[in-house]
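Shown here: model-v9.pdb, PDB, C-alpha atoms.
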```pdb
ATOM      1  CA  MET A   3     -32.837  51.373  21.682
ATOM      2  CA  ARG A   4     -32.534  54.469  23.908
ATOM      3  CA  GLY A   5     -30.626  52.452  26.491
ATOM      4  CA  GLN A   6     -28.153  51.291  23.871
ATOM      5  CA  MET A   7     -27.648  54.846  22.608
ATOM      6  CA  ARG A   8     -27.073  56.052  26.172
ATOM      7  CA  ILE A   9     -24.466  53.320  26.755
ATOM      8  CA  PHE A  10     -22.806  54.144  23.426
ATOM      9  CA  GLY A  11     -22.716  57.861  24.250
ATOM     10  CA  THR A  12     -21.279  57.193  27.701
ATOM     11  CA  THR A  13     -18.591  54.933  26.216
ATOM     12  CA  VAL A  14     -17.598  57.536  23.622
ATOM     13  CA  ALA A  15     -17.435  60.234  26.306
ATOM     14  CA  CYS A  16     -15.238  58.056  28.549
ATOM     15  CA  VAL A  17     -12.831  57.273  25.710
ATOM     16  CA  ALA A  18     -12.611  60.944  24.699
ATOM     17  CA  LEU A  19     -11.998  62.107  28.257
ATOM     18  CA  SER A  20      -9.340  59.472  28.863
ATOM     19  CA  ALA A  21      -7.527  60.647  25.713
ATOM     20  CA  PHE A  22      -7.515  64.209  27.076
ATOM     21  CA  ALA A  23      -6.160  62.960  30.407
ATOM     22  CA  PHE A  24      -3.318  61.144  28.624
ATOM     23  CA  ALA A  25      -2.560  64.219  26.517
ATOM     24  CA  GLN A  26      -2.184  66.335  29.659
ATOM     25  CA  SER A  27       0.830  64.239  30.634
ATOM     26  CA  LEU A  28       2.611  65.349  27.434
ATOM     27  CA  PHE A  29       2.526  69.053  28.271
ATOM     28  CA  ASP A  30       5.489  70.783  29.886
ATOM     29  CA  GLY A  31       4.702  73.816  32.056
ATOM     30  CA  PHE A  32       8.348  74.966  32.269
ATOM     31  CA  GLU A  33       7.798  75.779  35.961
ATOM     32  CA  ALA A  34      10.625  73.554  37.201
ATOM     33  CA  TYR A  35      13.240  75.152  34.953
ATOM     34  CA  ASN A  36      15.741  77.870  35.852
ATOM     35  CA  PRO A  37      14.289  81.238  34.825
ATOM     36  CA  ASP A  38      16.203  83.687  32.606
ATOM     37  CA  SER A  39      18.409  80.908  31.245
ATOM     38  CA  PRO A  40      18.496  78.786  28.063
ATOM     39  CA  ILE A  41      16.216  75.781  27.998
ATOM     40  CA  ASN A  42      19.026  73.737  26.428
ATOM     41  CA  GLY A  43      19.932  70.989  28.913
ATOM     42  CA  GLN A  44      16.856  71.449  31.100
ATOM     43  CA  GLY A  45      14.114  68.791  31.120
ATOM     44  CA  GLU A  46      15.761  66.794  28.287
ATOM     45  CA  TRP A  47      15.415  69.758  25.878
ATOM     46  CA  PHE A  48      18.330  70.327  23.500
ATOM     47  CA  ASN A  49      19.310  72.795  20.829
ATOM     48  CA  PRO A  50      19.921  71.203  17.415
ATOM     49  CA  GLY A  51      23.017  72.506  15.654
ATOM     50  CA  GLY A  52      22.779  75.654  13.575
ATOM     51  CA  SER A  53      19.952  77.287  15.514
ATOM     52  CA  LEU A  54      19.526  79.711  18.388
ATOM     53  CA  ASP A  55      18.355  78.609  21.805
ATOM     54  CA  TRP A  56      15.042  79.370  23.480
ATOM     55  CA  PHE A  57      15.034  80.930  26.955
ATOM     56  CA  VAL A  58      12.877  80.298  29.989
ATOM     57  CA  TYR A  59      11.277  83.519  31.213
ATOM     58  CA  GLY A  60       8.884  84.525  33.917
ATOM     59  CA  TYR A  61       5.851  86.396  32.596
ATOM     60  CA  GLY A  62       6.578  89.348  34.884
ATOM     61  CA  SER A  63      10.227  89.763  33.846
ATOM     62  CA  ASN A  64      10.500  88.723  30.210
ATOM     63  CA  PRO A  65      12.354  91.180  27.943
ATOM     64  CA  LEU A  66       9.998  90.455  25.045
ATOM     65  CA  GLY A  67       7.049  92.154  26.757
ATOM     66  CA  ILE A  68       4.782  89.110  26.480
ATOM     67  CA  GLY A  69       1.841  89.365  28.848
ATOM     68  CA  PRO A  70       0.745  86.528  31.129
ATOM     69  CA  ASN A  71      -1.240  83.632  29.776
ATOM     70  CA  PRO A  72      -4.574  83.613  31.642
ATOM     71  CA  ASN A  73      -4.559  79.806  31.524
ATOM     72  CA  GLY A  74      -0.828  79.415  32.180
ATOM     73  CA  GLN A  75       1.421  79.385  35.180
ATOM     74  CA  ASN A  76       4.383  81.653  35.971
ATOM     75  CA  GLN A  77       6.981  80.762  33.336
ATOM     76  CA  MET A  78       7.176  80.277  29.584
ATOM     77  CA  ILE A  79       9.768  79.772  26.862
ATOM     78  CA  ALA A  80      10.362  82.347  24.148
ATOM     79  CA  ALA A  81      12.943  83.288  21.533
ATOM     80  CA  ARG A  82      13.720  85.787  18.809
ATOM     81  CA  LYS A  83      15.040  85.431  15.298
ATOM     82  CA  GLU A  84      18.486  86.991  14.876
ATOM     83  CA  GLY A  85      19.586  87.789  11.346
ATOM     84  CA  THR A  86      19.138  84.644   9.276
ATOM     85  CA  LEU A  87      19.163  82.295  12.289
ATOM     86  CA  PHE A  88      15.948  81.005  13.806
ATOM     87  CA  SER A  89      15.477  79.694  17.316
ATOM     88  CA  ARG A  90      14.759  76.030  17.745
ATOM     89  CA  THR A  91      14.672  73.602  20.626
ATOM     90  CA  GLN A  92      13.476  70.030  20.744
ATOM     91  CA  ARG A  93      13.091  67.005  22.953
ATOM     92  CA  ASN A  94      13.145  63.399  21.818
ATOM     93  CA  PHE A  95       9.793  61.663  21.965
ATOM     94  CA  ASN A  96       9.050  57.944  21.968
ATOM     95  CA  TRP A  97       6.584  57.577  19.084
ATOM     96  CA  SER A  98       6.628  53.794  19.461
ATOM     97  CA  ALA A  99       4.829  53.988  22.833
ATOM     98  CA  ARG A 100       1.445  53.802  21.067
ATOM     99  CA  GLU A 101       0.083  52.690  17.708
ATOM    100  CA  THR A 102      -2.141  55.740  17.137
ATOM    101  CA  TRP A 103      -1.423  59.434  17.848
ATOM    102  CA  LEU A 104      -3.493  62.551  17.349
ATOM    103  CA  ILE A 105      -1.351  65.641  16.812
ATOM    104  CA  SER A 106      -2.817  69.117  16.922
TER     105      SER A 106
END
```
Whole structure given in structure tokens:
Amino acid sequence: MRGQMRIFGTTVACVALSAFAFAQSLFDGFEAYNPDSPINGQGEWFNPGGSLDWFVYGYGSNPLGIGPNPNGQNQMIAARKEGTLFSRTQRNFNWSARETWLIS
């Protein structure tokens, strides 16, 4: 019985870790993008109509005064609301690539 529980636990751990490894490929570090410029048109990101664009900033030079992310790299994206307009940027995603997704 203990051997079966050990095998079950190892299997669950392997499945969980492989899911985390796959999820890492979905993150975008924004390091390859041109700093101090809109993200629109970079890395397949686009600005849907009627919204303001987000900008790529370096942590050391961003005008918003955002401090560095201790777990991040050198660049980030950020935006401000102006009047009644909100910033928005998006990138198309192929949801049909898998049958099950976990979104958090």
Explicit residues for the PyMOL selection byres ((chain A and resi 47) around 12) (as a count of residues only) = 24
Selected by the PyMOL selection byres ((chain A and resi 75) around 10) in the shown coordinates: which residues, as an MDAnalysis selection string?
-> chainID A and resid 31:33 60:61 70:74 76:78
Requested write-out: C-alpha atoms of the selected residues, as a PDB file, in the frame of the given file:
```pdb
ATOM      1  CA  GLY A  31       4.702  73.816  32.056  1.00  0.00           C
ATOM      2  CA  PHE A  32       8.348  74.966  32.269  1.00  0.00           C
ATOM      3  CA  GLU A  33       7.798  75.779  35.961  1.00  0.00           C
ATOM      4  CA  GLY A  60       8.884  84.525  33.917  1.00  0.00           C
ATOM      5  CA  TYR A  61       5.851  86.396  32.596  1.00  0.00           C
ATOM      6  CA  PRO A  70       0.745  86.528  31.129  1.00  0.00           C
ATOM      7  CA  ASN A  71      -1.240  83.632  29.776  1.00  0.00           C
ATOM      8  CA  PRO A  72      -4.574  83.613  31.642  1.00  0.00           C
ATOM      9  CA  ASN A  73      -4.559  79.806  31.524  1.00  0.00           C
ATOM     10  CA  GLY A  74      -0.828  79.415  32.180  1.00  0.00           C
ATOM     11  CA  ASN A  76       4.383  81.653  35.971  1.00  0.00           C
ATOM     12  CA  GLN A  77       6.981  80.762  33.336  1.00  0.00           C
ATOM     13  CA  MET A  78       7.176  80.277  29.584  1.00  0.00           C
TER      14      MET A  78
END
```
On this structure, which residues satisfy the PyMOL selection byres ((chain A and resi 87) around 9), written as a list in words?
-> Gly52, Ser53, Leu54, Lys83, Glu84, Gly85, Thr86, Phe88 and Ser89 of chain A
Å distance separating atom CA of Ser63 of chain A from atom CA of Pro37 of chain A, one decimal place =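 Distance between the two atoms: 9.5 Å.
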Could you check how far atom CA of Leu66 of chain A sits from atom CA of Gly51 of chain A, in Å to one decimal?
->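 Going from atom CA of Leu66 of chain A over to atom CA of Gly51 of chain A covers 24.1 Å.
If you look at atom CA of Leu104 of chain A and atom CA of Ala81 of chain A, they are 26.8 Å away from each other.
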